[in-house]
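query-v5.tsv follows; it contains TSV, C-alpha atoms.
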```tsv
chain	number	residue	atom	x	y	z
L	938	MET	CA	2.22	143.95	74.24
L	939	ALA	CA	4.57	141.41	72.63
L	940	ALA	CA	7.95	142.55	71.38
L	941	LYS	CA	8.25	142.67	67.63
L	942	LYS	CA	10.93	140.70	65.85
L	943	PRO	CA	13.48	143.16	64.42
L	944	LYS	CA	13.46	143.44	60.65
L	945	ARG	CA	16.60	142.35	58.84
L	946	ASN	CA	17.33	142.59	55.20
L	947	ARG	CA	18.55	139.66	53.11
L	948	SER	CA	22.19	140.76	53.02
L	949	ALA	CA	22.31	141.10	56.82
L	950	MET	CA	20.89	137.62	57.24
L	951	LYS	CA	23.45	136.22	54.81
L	952	ARG	CA	26.30	137.95	56.65
L	953	ALA	CA	25.02	136.45	59.91
L	954	ARG	CA	25.06	132.96	58.34
L	955	GLN	CA	28.58	133.51	57.00
L	956	ALA	CA	29.80	134.80	60.35
L	957	LYS	CA	28.42	131.71	62.09
L	958	LYS	CA	30.20	129.41	59.61
L	959	ARG	CA	33.47	131.29	60.05
L	960	GLU	CA	33.14	131.20	63.82
L	961	LEU	CA	32.72	127.42	63.81
L	962	ARG	CA	35.60	126.89	61.38
L	963	ASN	CA	37.93	129.25	63.24
L	964	ARG	CA	37.09	127.63	66.57
L	965	ALA	CA	37.95	124.20	65.16
L	966	VAL	CA	41.26	125.42	63.72
L	967	LYS	CA	42.26	127.15	66.96
L	968	SER	CA	41.39	124.03	68.93
L	969	THR	CA	43.55	121.92	66.60
L	970	ILE	CA	46.45	124.35	67.03
L	971	LYS	CA	46.19	124.01	70.81
L	972	THR	CA	46.12	120.21	70.52
L	973	LEU	CA	49.19	120.16	68.26
L	974	VAL	CA	51.08	122.48	70.61
L	975	LYS	CA	50.23	120.18	73.53
L	976	LYS	CA	51.54	117.19	71.55
L	977	VAL	CA	54.84	118.98	70.92
L	978	GLU	CA	55.13	119.90	74.59
L	979	ALA	CA	54.33	116.32	75.63
L	980	ALA	CA	57.06	115.00	73.32
L	981	ILE	CA	59.48	117.57	74.75
L	982	SER	CA	58.68	116.59	78.33
L	983	ALA	CA	59.13	112.91	77.37
L	984	ASN	CA	62.54	113.86	75.92
L	985	ASN	CA	61.69	112.01	72.70
L	986	LYS	CA	63.69	113.54	69.83
L	987	GLU	CA	61.96	111.82	66.92
L	988	GLU	CA	58.46	112.50	68.20
L	989	THR	CA	59.36	116.10	69.07
L	990	GLU	CA	60.69	116.79	65.60
L	991	LYS	CA	57.71	115.16	63.89
L	992	ALA	CA	55.15	116.95	66.09
L	993	LEU	CA	56.98	120.29	65.71
L	994	LYS	CA	56.96	120.12	61.91
L	995	ARG	CA	53.27	119.26	61.88
L	996	ALA	CA	52.42	122.07	64.30
L	997	ILE	CA	54.44	124.66	62.37
L	998	LYS	CA	52.78	123.68	59.11
L	999	TYR	CA	49.30	123.91	60.61
L	1000	ILE	CA	49.98	127.23	62.39
L	1001	MET	CA	51.33	128.81	59.19
L	1002	LYS	CA	48.30	127.58	57.25
L	1003	ALA	CA	45.95	129.08	59.86
L	1004	ALA	CA	47.79	132.40	59.59
L	1005	SER	CA	47.61	132.40	55.80
L	1006	LYS	CA	43.86	131.76	55.95
L	1007	GLY	CA	43.37	134.62	58.41
L	1008	VAL	CA	42.27	132.49	61.35
L	1009	ILE	CA	45.11	133.89	63.48
L	1010	HIS	CA	47.29	136.93	62.90
L	1011	LYS	CA	50.65	136.34	61.24
L	1012	ASN	CA	52.53	137.80	64.21
L	1013	THR	CA	50.67	135.48	66.57
L	1014	ALA	CA	51.64	132.54	64.36
L	1015	SER	CA	55.28	133.63	64.33
L	1016	ARG	CA	55.29	134.02	68.10
L	1017	LYS	CA	53.78	130.57	68.65
L	1018	ILE	CA	56.24	128.97	66.22
L	1019	SER	CA	59.20	130.76	67.78
L	1020	ARG	CA	58.30	129.71	71.31
L	1021	LEU	CA	57.64	126.12	70.27
L	1022	THR	CA	60.90	125.91	68.33
L	1023	ARG	CA	62.88	127.28	71.25
L	1024	LYS	CA	61.34	124.69	73.58
L	1025	ALA	CA	61.89	121.89	71.07
L	1026	ASN	CA	65.55	122.85	70.56
L	1027	THR	CA	66.25	122.07	74.20
L	1028	VAL	CA	65.52	118.41	73.37
L	1029	LEU	CA	66.77	118.39	69.79
L	1030	LEU	CA	70.09	120.08	70.58
L	1031	GLY	CA	70.85	117.70	73.41
L	1032	SER	CA	73.64	115.86	71.54
L	1033	SER	CA	73.51	116.69	67.83
L	1034	GLY	CA	74.16	120.45	67.92
L	1035	ALA	CA	72.04	121.21	64.83
L	1036	ALA	CA	69.23	123.64	65.57
L	1037	VAL	CA	65.81	123.38	64.01
L	1038	THR	CA	64.84	126.65	62.37
L	1039	SER	CA	61.30	127.70	61.76
L	1040	PRO	CA	60.21	128.90	58.29
L	1041	THR	CA	59.69	132.41	59.60
L	1042	GLN	CA	63.29	132.60	60.84
L	1043	ALA	CA	64.80	131.46	57.54
L	1044	ALA	CA	65.20	135.03	56.23
```
Give the structure from this file in structure tokens form.
Amino acid sequence: MAAKKPKRNRSAMKRARQAKKRELRNRAVKSTIKTLVKKVEAAISANNKEETEKALKRAIKYIMKAASKGVIHKNTASRKISRLTRKANTVLLGSSGAAVTSPTQAA
């Protein structure tokens, strides 16, 4: 005897469609965050101040946006930003002495 297809109501089917959309969007955002973090780390390892600062600002902006949209938790965003900023300051503080502060540390 063939297995019957389970019945689903309209609202359940809509929620499934919405969940699929969110999953795809969230996966893309998380992938972009990882790429931006890798770019910052590459600039740090190359000891390139200008590129490090530019990549760091872009990564921080994108991570904060992802947290505000609920893709990642706000504490996860703060942790990522803090760790990136600390790594970047090793290059940026080499001769100038002025530290880059993240928006979450401004308070």
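Separating CA of Ala992 (chain L) from CA of Arg962 (chain L) is a distance of 22.4 Å.
Here CA of Gly1007 (chain L) stands at a distance of 20.3 Å from CA of Arg1020 (chain L).
The spacing separating CA of Leu1021 (chain L) from CA of Val966 (chain L) amounts to 17.7 Å.
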Contacts of Ile970 (chain L) at 12 Å (all atoms listed in the file; same-chain gap of 3+ positions) as a count of residues only
29
Which of L:Lys991, L:Asn985, L:Arg952, L:Thr969 sits closest to Gly1031 (chain L) [using only C-alpha atoms]
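Answer, going by the shortest atom-to-atom distance: L:Asn985.
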Taking all listed atoms of region 972-985 of chain L, build the axis-aligned box, pad each of the six sides by 6 Å, then write its centre and edge lengths in Å to one decimal as JSON.
```
{"center_x": 54.3, "center_y": 117.2, "center_z": 73.3, "size_x": 28.4, "size_y": 22.5, "size_z": 22.1}
```
